[in-house]
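Containing TSV, N, CA and C atoms: model-v6.tsv.
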chain	number	residue	atom	x	y	z
A	9	MET	N	107.21	105.01	92.13
A	9	MET	CA	108.21	104.15	91.55
A	9	MET	C	107.55	102.89	90.98
A	10	GLU	N	106.51	102.40	91.66
A	10	GLU	CA	105.79	101.24	91.14
A	10	GLU	C	105.13	101.56	89.80
A	11	MET	N	104.61	102.76	89.69
A	11	MET	CA	103.98	103.17	88.44
A	11	MET	C	105.01	103.20	87.31
A	12	VAL	N	106.19	103.73	87.58
A	12	VAL	CA	107.24	103.80	86.57
A	12	VAL	C	107.61	102.40	86.11
A	13	THR	N	107.77	101.49	87.05
A	13	THR	CA	108.10	100.10	86.71
A	13	THR	C	107.00	99.49	85.86
A	14	ALA	N	105.75	99.75	86.20
A	14	ALA	CA	104.63	99.21	85.43
A	14	ALA	C	104.62	99.77	84.01
A	15	ILE	N	104.95	101.04	83.86
A	15	ILE	CA	105.00	101.66	82.53
A	15	ILE	C	106.12	101.05	81.70
A	16	TYR	N	107.28	100.88	82.30
A	16	TYR	CA	108.40	100.26	81.56
A	16	TYR	C	108.05	98.84	81.14
A	17	THR	N	107.41	98.10	82.02
A	17	THR	CA	107.00	96.74	81.68
A	17	THR	C	105.99	96.74	80.53
A	18	ALA	N	105.00	97.62	80.63
A	18	ALA	CA	103.96	97.69	79.60
A	18	ALA	C	104.53	98.12	78.26
A	19	THR	N	105.42	99.08	78.25
A	19	THR	CA	105.94	99.59	76.98
A	19	THR	C	106.98	98.66	76.36
A	20	SER	N	107.46	97.70	77.12
A	20	SER	CA	108.45	96.76	76.57
A	20	SER	C	107.86	95.90	75.46
A	21	THR	N	106.55	95.82	75.38
A	21	THR	CA	105.89	95.02	74.34
A	21	THR	C	105.41	95.86	73.16
A	22	PHE	N	105.64	97.16	73.19
A	22	PHE	CA	105.21	98.03	72.09
A	22	PHE	C	106.00	97.68	70.82
A	23	PRO	N	105.45	97.99	69.67
A	23	PRO	CA	106.17	97.73	68.42
A	23	PRO	C	107.51	98.47	68.38
A	24	ALA	N	108.45	97.89	67.67
A	24	ALA	CA	109.80	98.47	67.58
A	24	ALA	C	109.78	99.88	67.01
A	25	GLN	N	108.87	100.15	66.10
A	25	GLN	CA	108.84	101.49	65.49
A	25	GLN	C	108.42	102.57	66.50
A	26	GLU	N	107.91	102.17	67.66
A	26	GLU	CA	107.51	103.13	68.70
A	26	GLU	C	108.63	103.41	69.70
A	27	LYS	N	109.78	102.78	69.52
A	27	LYS	CA	110.88	102.92	70.49
A	27	LYS	C	111.23	104.39	70.76
A	28	PHE	N	111.28	105.20	69.74
A	28	PHE	CA	111.64	106.61	69.91
A	28	PHE	C	110.42	107.51	69.88
A	29	GLY	N	109.24	106.92	69.85
A	29	GLY	CA	108.00	107.68	69.85
A	29	GLY	C	107.24	107.48	71.14
A	30	LEU	N	106.16	106.75	71.06
A	30	LEU	CA	105.26	106.57	72.19
A	30	LEU	C	105.93	105.88	73.38
A	31	THR	N	106.75	104.89	73.10
A	31	THR	CA	107.45	104.18	74.19
A	31	THR	C	108.29	105.15	75.00
A	32	SER	N	109.12	105.89	74.30
A	32	SER	CA	110.01	106.85	74.95
A	32	SER	C	109.23	107.94	75.68
A	33	GLN	N	108.19	108.45	75.05
A	33	GLN	CA	107.41	109.52	75.64
A	33	GLN	C	106.73	109.06	76.93
A	34	MET	N	106.16	107.86	76.90
A	34	MET	CA	105.50	107.34	78.10
A	34	MET	C	106.50	107.12	79.22
A	35	GLN	N	107.66	106.58	78.89
A	35	GLN	CA	108.67	106.33	79.91
A	35	GLN	C	109.19	107.64	80.50
A	36	ARG	N	109.43	108.63	79.66
A	36	ARG	CA	109.92	109.92	80.16
A	36	ARG	C	108.88	110.60	81.05
A	37	ALA	N	107.61	110.56	80.64
A	37	ALA	CA	106.56	111.17	81.46
A	37	ALA	C	106.45	110.47	82.81
A	38	ALA	N	106.54	109.14	82.79
A	38	ALA	CA	106.44	108.37	84.04
A	38	ALA	C	107.60	108.69	84.97
A	39	VAL	N	108.81	108.72	84.44
A	39	VAL	CA	110.00	108.99	85.25
A	39	VAL	C	109.97	110.41	85.80
A	40	SER	N	109.39	111.32	85.05
A	40	SER	CA	109.32	112.72	85.46
A	40	SER	C	108.54	112.90	86.76
A	41	VAL	N	107.56	112.05	87.01
A	41	VAL	CA	106.71	112.21	88.20
A	41	VAL	C	107.54	112.07	89.48
A	42	PRO	N	108.17	110.92	89.76
A	42	PRO	CA	108.93	110.82	91.01
A	42	PRO	C	110.17	111.72	91.02
A	43	ALA	N	110.75	111.96	89.83
A	43	ALA	CA	111.93	112.83	89.77
A	43	ALA	C	111.59	114.25	90.21
A	44	ASN	N	110.46	114.77	89.78
A	44	ASN	CA	110.06	116.12	90.18
A	44	ASN	C	109.65	116.18	91.64
A	45	ILE	N	109.02	115.12	92.13
A	45	ILE	CA	108.68	115.09	93.56
A	45	ILE	C	109.96	115.11	94.39
A	46	ALA	N	110.94	114.31	94.00
A	46	ALA	CA	112.22	114.28	94.72
A	46	ALA	C	112.92	115.63	94.67
A	47	GLU	N	112.93	116.24	93.49
A	47	GLU	CA	113.58	117.54	93.37
A	47	GLU	C	112.87	118.59	94.22
A	48	GLY	N	111.54	118.54	94.26
A	48	GLY	CA	110.80	119.48	95.08
A	48	GLY	C	111.12	119.36	96.55
A	49	PHE	N	111.26	118.12	97.02
A	49	PHE	CA	111.60	117.91	98.43
A	49	PHE	C	113.02	118.36	98.75
A	50	ALA	N	113.89	118.36	97.75
A	50	ALA	CA	115.27	118.77	97.97
A	50	ALA	C	115.43	120.29	97.99
A	51	ARG	N	114.42	121.00	97.53
A	51	ARG	CA	114.47	122.46	97.52
A	51	ARG	C	114.09	123.01	98.89
A	52	ASN	N	114.34	124.28	99.05
A	52	ASN	CA	114.02	124.93	100.32
A	52	ASN	C	112.69	125.65	100.20
A	53	GLY	N	111.74	125.21	101.00
A	53	GLY	CA	110.49	125.95	101.08
A	53	GLY	C	109.30	125.27	100.42
A	54	SER	N	108.16	125.58	100.99
A	54	SER	CA	106.91	125.00	100.53
A	54	SER	C	106.54	125.48	99.13
A	55	LYS	N	106.83	126.73	98.82
A	55	LYS	CA	106.47	127.26	97.51
A	55	LYS	C	107.16	126.48	96.39
A	56	GLU	N	108.43	126.21	96.57
A	56	GLU	CA	109.17	125.45	95.56
A	56	GLU	C	108.66	124.01	95.48
A	57	LEU	N	108.38	123.40	96.62
A	57	LEU	CA	107.85	122.04	96.62
A	57	LEU	C	106.53	121.99	95.87
A	58	LEU	N	105.65	122.95	96.12
A	58	LEU	CA	104.37	123.00	95.42
A	58	LEU	C	104.57	123.15	93.91
A	59	HIS	N	105.56	123.93	93.53
A	59	HIS	CA	105.86	124.12	92.10
A	59	HIS	C	106.23	122.78	91.47
A	60	PHE	N	107.11	122.03	92.10
A	60	PHE	CA	107.54	120.76	91.55
A	60	PHE	C	106.44	119.69	91.62
A	61	LEU	N	105.59	119.77	92.62
A	61	LEU	CA	104.43	118.87	92.67
A	61	LEU	C	103.50	119.16	91.50
A	62	SER	N	103.37	120.43	91.14
A	62	SER	CA	102.56	120.82	90.00
A	62	SER	C	103.14	120.26	88.70
A	63	ILE	N	104.45	120.31	88.57
A	63	ILE	CA	105.10	119.75	87.38
A	63	ILE	C	104.87	118.24	87.33
A	64	ALA	N	105.01	117.58	88.48
A	64	ALA	CA	104.78	116.14	88.55
A	64	ALA	C	103.35	115.80	88.15
A	65	ALA	N	102.40	116.61	88.61
A	65	ALA	CA	100.99	116.39	88.25
A	65	ALA	C	100.78	116.57	86.75
A	66	GLY	N	101.47	117.53	86.17
A	66	GLY	CA	101.37	117.73	84.72
A	66	GLY	C	101.92	116.54	83.95
A	67	SER	N	103.03	116.01	84.39
A	67	SER	CA	103.60	114.82	83.75
A	67	SER	C	102.67	113.63	83.89
A	68	LEU	N	102.03	113.54	85.03
A	68	LEU	CA	101.08	112.46	85.27
A	68	LEU	C	99.88	112.57	84.34
A	69	SER	N	99.42	113.78	84.12
A	69	SER	CA	98.31	114.00	83.19
A	69	SER	C	98.72	113.64	81.76
A	70	GLU	N	99.93	114.00	81.40
A	70	GLU	CA	100.47	113.63	80.09
A	70	GLU	C	100.50	112.11	79.96
A	71	LEU	N	100.98	111.43	80.98
A	71	LEU	CA	101.05	109.97	80.97
A	71	LEU	C	99.66	109.36	80.82
A	72	ASP	N	98.69	109.92	81.50
A	72	ASP	CA	97.32	109.42	81.41
A	72	ASP	C	96.82	109.50	79.97
A	73	THR	N	97.11	110.59	79.30
A	73	THR	CA	96.72	110.76	77.90
A	73	THR	C	97.44	109.76	77.01
A	74	LEU	N	98.72	109.54	77.26
A	74	LEU	CA	99.51	108.60	76.46
A	74	LEU	C	99.03	107.16	76.65
A	75	ILE	N	98.59	106.82	77.86
A	75	ILE	CA	98.03	105.50	78.11
A	75	ILE	C	96.76	105.32	77.28
A	76	GLU	N	95.93	106.35	77.24
A	76	GLU	CA	94.71	106.29	76.43
A	76	GLU	C	95.06	106.11	74.95
A	77	LEU	N	96.04	106.84	74.47
A	77	LEU	CA	96.45	106.73	73.08
A	77	LEU	C	96.98	105.33	72.78
A	78	ALA	N	97.85	104.82	73.65
A	78	ALA	CA	98.40	103.47	73.45
A	78	ALA	C	97.30	102.42	73.46
A	79	THR	N	96.29	102.62	74.28
A	79	THR	CA	95.16	101.70	74.33
A	79	THR	C	94.40	101.74	73.02
A	80	ARG	N	94.13	102.94	72.52
A	80	ARG	CA	93.40	103.08	71.25
A	80	ARG	C	94.17	102.49	70.07
A	81	LEU	N	95.49	102.51	70.17
A	81	LEU	CA	96.32	101.93	69.11
A	81	LEU	C	96.46	100.41	69.25
A	82	GLY	N	95.93	99.88	70.34
A	82	GLY	CA	95.98	98.44	70.56
A	82	GLY	C	97.29	97.93	71.13
A	83	TYR	N	98.08	98.82	71.73
A	83	TYR	CA	99.37	98.44	72.28
A	83	TYR	C	99.29	97.95	73.73
A	84	LEU	N	98.22	98.29	74.43
A	84	LEU	CA	98.11	97.95	75.85
A	84	LEU	C	96.97	96.97	76.09
A	85	ASN	N	97.25	96.01	76.95
A	85	ASN	CA	96.18	95.10	77.37
A	85	ASN	C	95.93	95.22	78.87
A	86	ASN	N	96.63	96.10	79.53
A	86	ASN	CA	96.46	96.30	80.98
A	86	ASN	C	96.21	97.77	81.32
A	87	ALA	N	95.47	98.45	80.47
A	87	ALA	CA	95.22	99.88	80.67
A	87	ALA	C	94.53	100.15	82.00
A	88	GLU	N	93.63	99.27	82.41
A	88	GLU	CA	92.92	99.48	83.68
A	88	GLU	C	93.89	99.51	84.85
A	89	GLU	N	94.85	98.60	84.83
A	89	GLU	CA	95.85	98.56	85.90
A	89	GLU	C	96.68	99.84	85.91
A	90	LEU	N	97.12	100.26	84.73
A	90	LEU	CA	97.94	101.48	84.64
A	90	LEU	C	97.12	102.71	85.03
A	91	ASN	N	95.87	102.77	84.59
A	91	ASN	CA	95.01	103.89	84.98
A	91	ASN	C	94.81	103.93	86.49
A	92	GLY	N	94.71	102.77	87.11
A	92	GLY	CA	94.57	102.71	88.56
A	92	GLY	C	95.80	103.26	89.26
A	93	LYS	N	96.97	102.93	88.74
A	93	LYS	CA	98.21	103.45	89.33
A	93	LYS	C	98.31	104.96	89.14
A	94	VAL	N	97.93	105.45	87.96
A	94	VAL	CA	97.95	106.90	87.70
A	94	VAL	C	96.98	107.60	88.66
A	95	ASP	N	95.80	107.05	88.82
A	95	ASP	CA	94.82	107.66	89.74
A	95	ASP	C	95.33	107.68	91.18
A	96	GLU	N	95.98	106.59	91.58
A	96	GLU	CA	96.52	106.52	92.94
A	96	GLU	C	97.59	107.57	93.16
A	97	VAL	N	98.51	107.68	92.23
A	97	VAL	CA	99.59	108.66	92.35
A	97	VAL	C	99.03	110.08	92.30
A	98	SER	N	98.04	110.30	91.45
A	98	SER	CA	97.41	111.62	91.37
A	98	SER	C	96.80	112.01	92.71
A	99	GLY	N	96.11	111.07	93.33
A	99	GLY	CA	95.52	111.34	94.64
A	99	GLY	C	96.57	111.68	95.69
A	100	LEU	N	97.69	110.97	95.65
A	100	LEU	CA	98.77	111.23	96.60
A	100	LEU	C	99.38	112.62	96.39
A	101	ILE	N	99.60	112.97	95.12
A	101	ILE	CA	100.18	114.29	94.83
A	101	ILE	C	99.22	115.40	95.25
A	102	MET	N	97.96	115.26	94.90
A	102	MET	CA	96.97	116.29	95.24
A	102	MET	C	96.78	116.39	96.75
A	103	GLY	N	96.78	115.26	97.43
A	103	GLY	CA	96.65	115.27	98.89
A	103	GLY	C	97.84	115.94	99.56
A	104	LEU	N	99.03	115.64	99.07
A	104	LEU	CA	100.23	116.26	99.62
A	104	LEU	C	100.22	117.76	99.37
A	105	ALA	N	99.87	118.15	98.16
A	105	ALA	CA	99.83	119.58	97.84
A	105	ALA	C	98.80	120.31	98.72
A	106	ALA	N	97.64	119.70	98.91
A	106	ALA	CA	96.61	120.31	99.75
A	106	ALA	C	97.09	120.45	101.19
A	107	SER	N	97.78	119.44	101.69
A	107	SER	CA	98.31	119.48	103.05
A	107	SER	C	99.34	120.60	103.22
A	108	ILE	N	100.21	120.74	102.23
A	108	ILE	CA	101.23	121.79	102.28
A	108	ILE	C	100.57	123.17	102.24
A	109	LYS	N	99.55	123.32	101.39
A	109	LYS	CA	98.86	124.61	101.29
A	109	LYS	C	98.17	124.98	102.60
A	110	ARG	N	97.63	123.99	103.30
A	110	ARG	CA	96.96	124.25	104.58
A	110	ARG	C	97.97	124.69	105.64
A	111	ARG	N	99.18	124.17	105.59
A	111	ARG	CA	100.20	124.50	106.58
A	111	ARG	C	100.95	125.78	106.26
A	112	THR	N	100.90	126.21	105.01
A	112	THR	CA	101.65	127.38	104.60
A	112	THR	C	100.85	128.65	104.86
A	113	PRO	N	101.48	129.60	105.58
A	113	PRO	CA	100.78	130.85	105.88
A	113	PRO	C	100.56	131.71	104.66

Mind converting the file's structure to C-alpha cells?
Amino acid sequence: MEMVTAIYTATSTFPAQEKFGLTSQMQRAAVSVPANIAEGFARNGSKELLHFLSIAAGSLSELDTLIELATRLGYLNNAEELNGKVDEVSGLIMGLAASIKRRTP
C-alpha cells in the first residue's frame, strides 16, 4: 500500500498529456499488486493464492519497467526511492510464494 501511495504521489507531477497514458498505466499496475494479493488470500487453497501472487509479481515487473520509462522521459526525480519500494515488495511476494510452496504437498 505504501508503494501505491508513492506511485500516486510521483505521478501527480507528470505532464497533463500523460493523464491517460503513463500516469494511468503506472497507477493501475501499482494498484494491481495489493489487489491481486488480497484476492489470492480470499480464495480457497494454496494453488489459487500462488496464481494471484504470480499475477501481482507480473504487475510489479510492469511497474518497474514503467518507472524506468518515466525516468528516461524525465518525469521522475525519485526513481531510486520507487525502485527500492518495488524491490522490497518483490522480495516479500517471492518470499511468501516460496514459503507457500514449501508447505504445499

- Message: as a list in words, please: the residues near region 15-18 of chain A (cut-off 10 Å, only C-alpha atoms, same-chain neighbours under 5 positions excluded).
- Response: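 Neighbouring residues, sequence-local ones excluded: Met9, Glu10, Thr31, Ser32, Met34, Gln35, Arg36, Ala37, Ala38, Val39, Leu71, Ile75, Tyr83, Leu84, Asn85, Asn86, Ala87, Leu90 and Lys93 of chain A.
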
- With only N, CA and C atoms as the basis for distance, which of A:Val94, A:Ala64, A:Leu81, A:Leu58 is at the shortest distance from Met11 (chain A)?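 Among the listed residues, A:Val94 lies closest to Met11 (chain A).
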
- Query: How many Å lie between atom C of Ser69 (chain A) and atom N of Ser20 (chain A), rounded to one decimal?
  - Reply: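 For atom C of Ser69 (chain A) relative to atom N of Ser20 (chain A), the distance reads 18.8 Å.
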
- Query: Just how far from CA of Arg110 (chain A) is CA of Asn91 (chain A), in Å to one decimal?
  - Reply: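 Result for CA of Asn91 (chain A) versus CA of Arg110 (chain A): 28.3 Å, one decimal.
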
- Which residue out of A:Lys55, A:Gln33, A:Ile45, A:Ala24 has the minimum interatomic distance to Ile108 (chain A) when all atoms listed in the file are used?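 Of A:Lys55, A:Gln33, A:Ile45, A:Ala24, the one nearest Ile108 (chain A) is A:Lys55, counting all atoms listed in the file.
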
- Work out how far apart atom N of Gly53 (chain A) and atom C of Val41 (chain A) are and give it in Å to one decimal.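 These atoms are spaced 18.0 Å apart.
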